[in-house]
$ cat data_17.pdb   # PDB, C-alpha atoms
ATOM      1  CA  MET A   1     -45.211   8.031   9.431
ATOM      2  CA  SER A   2     -46.298   8.069   5.812
ATOM      3  CA  ILE A   3     -42.694   8.605   4.674
ATOM      4  CA  PHE A   4     -41.654   5.556   6.677
ATOM      5  CA  ARG A   5     -44.484   3.442   5.219
ATOM      6  CA  SER A   6     -43.714   4.488   1.665
ATOM      7  CA  GLY A   7     -40.044   3.569   2.210
ATOM      8  CA  VAL A   8     -41.011   0.161   3.599
ATOM      9  CA  ASN A   9     -43.389  -0.412   0.677
ATOM     10  CA  LYS A  10     -40.681   0.500  -1.847
ATOM     11  CA  PHE A  11     -38.227  -1.825  -0.115
ATOM     12  CA  ARG A  12     -40.806  -4.625  -0.082
ATOM     13  CA  ALA A  13     -41.550  -4.107  -3.800
ATOM     14  CA  PHE A  14     -37.828  -4.155  -4.541
ATOM     15  CA  GLY A  15     -37.429  -7.438  -2.626
ATOM     16  CA  VAL A  16     -40.405  -9.022  -4.415
ATOM     17  CA  ASN A  17     -38.977  -8.007  -7.816
ATOM     18  CA  ILE A  18     -35.555  -9.445  -6.959
ATOM     19  CA  LEU A  19     -37.092 -12.728  -5.799
ATOM     20  CA  SER A  20     -39.184 -13.031  -8.959
ATOM     21  CA  ASP A  21     -36.101 -12.360 -11.119
ATOM     22  CA  TYR A  22     -34.137 -15.091  -9.331
ATOM     23  CA  LYS A  23     -37.113 -17.455  -9.620
ATOM     24  CA  GLU A  24     -37.271 -16.902 -13.396
ATOM     25  CA  ALA A  25     -33.506 -17.337 -13.737
ATOM     26  CA  LEU A  26     -33.608 -20.641 -11.831
ATOM     27  CA  LYS A  27     -36.495 -21.869 -13.994
ATOM     28  CA  ASP A  28     -34.481 -20.982 -17.105
ATOM     29  CA  VAL A  29     -31.397 -22.802 -15.795
ATOM     30  CA  GLY A  30     -33.522 -25.847 -14.925
ATOM     31  CA  GLN A  31     -35.030 -25.892 -18.420
ATOM     32  CA  ARG A  32     -31.601 -25.666 -20.084
ATOM     33  CA  PHE A  33     -30.300 -28.322 -17.703
ATOM     34  CA  ARG A  34     -33.029 -30.722 -18.865
ATOM     35  CA  GLU A  35     -32.362 -29.924 -22.539
ATOM     36  CA  ARG A  36     -28.595 -30.609 -22.382
ATOM     37  CA  PRO A  37     -27.847 -32.510 -19.167
ATOM     38  CA  ILE A  38     -24.352 -33.757 -20.069
ATOM     39  CA  ARG A  39     -23.121 -30.277 -20.888
ATOM     40  CA  TYR A  40     -24.479 -28.743 -17.707
ATOM     41  CA  TRP A  41     -23.332 -31.594 -15.464
ATOM     42  CA  SER A  42     -19.824 -31.214 -16.888
ATOM     43  CA  LEU A  43     -19.962 -27.425 -16.373
ATOM     44  CA  THR A  44     -21.167 -27.995 -12.811
ATOM     45  CA  GLY A  45     -18.286 -30.410 -12.213
ATOM     46  CA  VAL A  46     -15.712 -28.002 -13.641
ATOM     47  CA  GLY A  47     -17.165 -25.183 -11.558
ATOM     48  CA  ALA A  48     -17.100 -27.283  -8.386
ATOM     49  CA  PHE A  49     -13.507 -28.395  -9.070
ATOM     50  CA  THR A  50     -12.436 -24.798  -9.716
ATOM     51  CA  LEU A  51     -14.071 -23.587  -6.525
ATOM     52  CA  ALA A  52     -12.470 -26.404  -4.514
ATOM     53  CA  ALA A  53      -9.037 -25.699  -6.055
ATOM     54  CA  PHE A  54      -9.406 -22.030  -5.129
ATOM     55  CA  HIS A  55     -10.388 -22.972  -1.593
ATOM     56  CA  LYS A  56      -7.473 -25.432  -1.202
ATOM     57  CA  ASN A  57      -4.794 -23.124  -2.656
ATOM     58  CA  PRO A  58      -1.914 -23.384  -0.135
ATOM     59  CA  GLU A  59      -0.358 -20.369   1.596
ATOM     60  CA  LEU A  60       3.270 -19.577   2.414
ATOM     61  CA  GLN A  61       2.698 -20.677   6.011
ATOM     62  CA  ASP A  62       1.565 -24.102   4.721
ATOM     63  CA  PHE A  63       4.854 -24.389   2.831
ATOM     64  CA  LEU A  64       6.852 -23.448   5.929
ATOM     65  CA  ASP A  65       4.911 -25.982   8.024
ATOM     66  CA  ASP A  66       5.537 -28.769   5.489
ATOM     67  CA  HIS A  67       9.200 -27.778   5.261
ATOM     68  CA  LEU A  68       9.544 -28.045   9.039
ATOM     69  CA  LYS A  69       7.796 -31.438   9.014
ATOM     70  CA  TYR A  70      10.112 -32.744   6.271
ATOM     71  CA  ASN A  71      13.188 -31.440   8.111
ATOM     72  CA  LYS A  72      12.097 -33.372  11.200
ATOM     73  CA  GLU A  73      11.680 -36.523   9.109
ATOM     74  CA  LEU A  74      15.172 -36.040   7.657
ATOM     75  CA  THR A  75      16.811 -35.652  11.054
ATOM     76  CA  VAL A  76      15.362 -38.962  12.251
ATOM     77  CA  VAL A  77      17.213 -40.866   9.508
ATOM     78  CA  PRO A  78      20.937 -41.491  10.232
ATOM     79  CA  GLN A  79      23.438 -39.653   8.013
ATOM     80  CA  PRO A  80      24.862 -42.728   6.160
ATOM     81  CA  ILE A  81      21.382 -43.850   5.081
ATOM     82  CA  ARG A  82      19.980 -40.399   4.259
ATOM     83  CA  ASN A  83      19.556 -39.468   0.595
ATOM     84  CA  PRO A  84      21.717 -36.377  -0.101
ATOM     85  CA  HIS A  85      19.292 -34.861  -2.646
ATOM     86  CA  PRO A  86      16.453 -34.099  -0.175
ATOM     87  CA  GLU A  87      18.989 -32.954   2.398
ATOM     88  CA  ASN A  88      20.569 -30.488  -0.066
ATOM     89  CA  PHE A  89      17.126 -29.327  -1.211
ATOM     90  CA  HIS A  90      15.982 -28.538   2.326
ATOM     91  CA  THR A  91      19.320 -26.994   3.315
ATOM     92  CA  ARG A  92      18.984 -24.606   0.368
ATOM     93  CA  ILE A  93      15.428 -23.732   1.433
ATOM     94  CA  ASP A  94      16.633 -23.166   5.018
ATOM     95  CA  THR A  95      19.230 -20.710   3.736
ATOM     96  CA  ILE A  96      16.644 -18.831   1.656
ATOM     97  CA  ILE A  97      14.204 -18.678   4.580
ATOM     98  CA  ASN A  98      16.902 -17.437   6.981
ATOM     99  CA  GLN A  99      17.882 -14.697   4.527
ATOM    100  CA  LYS A 100      14.175 -13.754   4.185
ATOM    101  CA  LYS A 101      14.265 -14.095   0.409
ATOM    102  CA  ILE A 102      11.374 -16.536   0.065
ATOM    103  CA  ARG A 103       8.195 -15.356  -1.677
ATOM    104  CA  ARG A 104       4.821 -16.778  -2.688
ATOM    105  CA  PHE A 105       3.217 -15.974  -6.037
ATOM    106  CA  ASN A 106      -0.528 -16.615  -5.958
ATOM    107  CA  LEU A 107      -2.057 -17.781  -9.243
ATOM    108  CA  ILE A 108      -5.561 -18.111  -7.706
ATOM    109  CA  PHE A 109      -5.771 -21.905  -8.118
ATOM    110  CA  LEU A 110      -2.133 -22.726  -7.447
ATOM    111  CA  SER A 111       0.826 -21.083  -5.735
ATOM    112  CA  LEU A 112       4.483 -20.788  -6.629
ATOM    113  CA  ILE A 113       7.182 -20.523  -3.970
ATOM    114  CA  TYR A 114      10.244 -18.756  -5.325
ATOM    115  CA  PHE A 115      13.221 -16.786  -4.054
ATOM    116  CA  GLU A 116      14.428 -13.258  -4.726
ATOM    117  CA  ASP A 117      17.924 -11.793  -4.770
ATOM    118  CA  HIS A 118      17.349  -9.552  -1.760
ATOM    119  CA  SER A 119      15.301  -9.533   1.415
ATOM    120  CA  SER A 120      12.232  -7.282   1.438
ATOM    121  CA  GLU A 121      13.717  -5.660   4.558
ATOM    122  CA  SER A 122      16.905  -4.757   2.709
ATOM    123  CA  GLY A 123      17.611  -1.078   2.210
ATOM    124  CA  LEU A 124      19.643  -1.648  -0.937
ATOM    125  CA  PHE A 125      18.594   0.190  -4.074
ATOM    126  CA  ALA A 126      18.630  -3.058  -6.054
ATOM    127  CA  ALA A 127      16.085  -4.599  -3.671
ATOM    128  CA  HIS A 128      13.463  -1.915  -4.347
ATOM    129  CA  CYS A 129      14.117  -0.784  -7.924
ATOM    130  CA  SER A 130      11.408  -2.203 -10.187
ATOM    131  CA  TYR A 131      13.768  -2.235 -13.195
ATOM    132  CA  LEU A 132      16.115  -4.634 -11.414
ATOM    133  CA  GLN A 133      13.439  -7.134 -10.380
ATOM    134  CA  PRO A 134      13.427 -10.525 -12.138
ATOM    135  CA  SER A 135      10.982 -11.038 -14.978
ATOM    136  CA  TYR A 136       8.103 -13.484 -14.677
ATOM    137  CA  LEU A 137       9.831 -15.788 -17.150
ATOM    138  CA  GLU A 138      12.993 -15.786 -15.030
ATOM    139  CA  ILE A 139      10.974 -16.473 -11.880
ATOM    140  CA  ILE A 140       9.207 -19.438 -13.484
ATOM    141  CA  SER A 141      12.239 -20.932 -15.233
ATOM    142  CA  GLU A 142      14.999 -20.403 -12.649
ATOM    143  CA  ARG A 143      13.682 -19.384  -9.246
ATOM    144  CA  VAL A 144      10.674 -21.563  -8.486
ATOM    145  CA  ILE A 145      11.300 -23.762  -5.470
ATOM    146  CA  ASP A 146       7.925 -25.472  -5.245
ATOM    147  CA  ILE A 147       4.433 -25.569  -6.745
ATOM    148  CA  GLY A 148       1.410 -25.805  -4.494
ATOM    149  CA  PHE A 149      -1.908 -27.127  -5.763
ATOM    150  CA  TRP A 150      -4.844 -28.718  -3.983
ATOM    151  CA  GLY A 151      -3.232 -28.166  -0.584
ATOM    152  CA  ILE A 152      -0.049 -30.071  -1.503
ATOM    153  CA  TRP A 153       3.453 -28.809  -2.234
ATOM    154  CA  TRP A 154       4.303 -31.131  -5.102
ATOM    155  CA  LYS A 155       8.076 -30.743  -5.514
ATOM    156  CA  SER A 156       8.734 -31.105  -1.781
ATOM    157  CA  ARG A 157       6.610 -34.226  -1.742
ATOM    158  CA  ALA A 158       8.465 -35.693  -4.746
ATOM    159  CA  VAL A 159      11.890 -34.896  -3.272
ATOM    160  CA  MET A 160      10.966 -36.587   0.003
ATOM    161  CA  GLU A 161       9.696 -39.731  -1.742
ATOM    162  CA  GLU A 162      12.825 -41.793  -0.979
ATOM    163  CA  PHE A 163      14.629 -39.612   1.539
ATOM    164  CA  ASP A 164      15.715 -42.653   3.557
ATOM    165  CA  VAL A 165      17.458 -44.459   0.677
ATOM    166  CA  ASN A 166      20.980 -43.319  -0.140
ATOM    167  CA  PRO A 167      21.707 -44.124  -3.823
ATOM    168  CA  HIS A 168      25.487 -43.998  -3.159
ATOM    169  CA  GLU A 169      25.066 -46.845  -0.708
ATOM    170  CA  TRP A 170      24.316 -49.405  -3.450
ATOM    171  CA  ASN A 171      26.089 -50.717  -6.541
ATOM    172  CA  SER A 172      24.339 -50.995  -9.884
ATOM    173  CA  ASP A 173      23.775 -54.731  -9.300
ATOM    174  CA  GLY A 174      21.939 -54.055  -6.002
ATOM    175  CA  THR A 175      24.696 -55.051  -3.603
ATOM    176  CA  PRO A 176      25.811 -52.620  -0.881
ATOM    177  CA  THR A 177      29.037 -50.688  -1.528
ATOM    178  CA  SER A 178      30.222 -51.131   2.040
ATOM    179  CA  PRO A 179      28.621 -52.336   5.245
ATOM    180  CA  VAL A 180      26.952 -49.498   7.125
ATOM    181  CA  SER A 181      27.464 -49.247  10.843
ATOM    182  CA  LEU A 182      24.895 -47.262  12.736
TER
END

$ encode --input "data_17.pdb" --output "structure tokens"
Amino acid sequence: MSIFRSGVNKFRAFGVNILSDYKEALKDVGQRFRERPIRYWSLTGVGAFTLAAFHKNPELQDFLDDHLKYNKELTVVPQPIRNPHPENFHTRIDTIINQKKIRRFNLIFLSLIYFEDHSSESGLFAAHCSYLQPSYLEIISERVIDIGFWGIWWKSRAVMEEFDVNPHEWNSDGTPTSPVSL
């Protein structure tokens, strides 16, 4: 029993020492906070924003869900009224998804959705050779489809801004080019 008691006493002493260390650290932080409140409030705000951005970093499944939602919105609008730019954008994404070439690059606080040349399931040498993979610069400059930050896919949202207004339907003076029959 004495071995058990000595172990409990050592564990208790360890816990008391840890608690006193944390107590001293919190006192020190409180003192510094009172000395320079603006600095520490701004650091607290930046820390809270960073933590929230990390927590709200969207996943690939979020992108696929938004893509499906936007496709449904596009199909509700009749073809003559539909803006061709969002339609082409989402058709291209559909093709990439069907070929299983879509990837997500996690940058901790934001995500990039990009496409690769080959499916990950492909048995081709070019699909698995590290020397033939695109560089990070090429991915960022040419292959990025969308940027996700704070739970929002920003390019998809911008493309869908006026998906129900066909720019070819209007002249430069604002008059319709031809009457549309639905």

$ axis_aligned_box --input "data_17.pdb" --around "stretch 87-99 of chain A" --padding-each-side "4 Å" --output "lines of an AutoDock Vina configuration file"
center_x = 17.4
center_y = -23.8
center_z = 2.9
size_x = 14.4
size_y = 26.3
size_z = 16.2

$ atom_distance --input "data_17.pdb" --atom1 "atom CA of A:Ile139" --atom2 "atom CA of A:Gln99"
17.9 Å

$ atom_distance --input "data_17.pdb" --atom1 "atom CA of A:Tyr70" --atom2 "atom CA of A:Pro84"
13.7 Å

$ residues_around --input "data_17.pdb" --residues "A:Lys56" --least-positions-apart "2" --cutoff "7 Å" --atoms "all atoms listed in the file" --output "VMD selection string"
chain A and resid 52 to 54 58 150 to 151

$ atom_distance --input "data_17.pdb" --atom1 "atom CA of A:Arg143" --atom2 "atom CA of A:Val165"
27.2 Å

$ residues_around --input "data_17.pdb" --residues "stretch 121-137 of chain A" --least-positions-apart "5" --cutoff "9 Å" --atoms "all atoms listed in the file" --output "ChimeraX atom specification"
/A:100,116,142

$ resolve_selection --input "data_17.pdb" --expression "the PyMOL selection byres ((chain A and resi 168-176) around 12)" --output "list of chain:residue names"
A:Gln79, A:Pro80, A:Ile81, A:Arg82, A:Asn83, A:Pro84, A:His85, A:Asp164, A:Val165, A:Asn166, A:Pro167, A:Thr177, A:Ser178, A:Pro179, A:Val180

$ residues_around --input "data_17.pdb" --residues "A:Phe105" --least-positions-apart "5" --cutoff "12 Å" --atoms "all atoms listed in the file" --output "VMD selection string"
chain A and resid 57 to 60 110 to 116 136 139 to 140 143 to 148

$ closest_residue --input "data_17.pdb" --among "A:Ser119, A:Thr50, A:Asn9, A:Ser156" --to "A:His90" --atoms "all atoms listed in the file"
A:Ser156
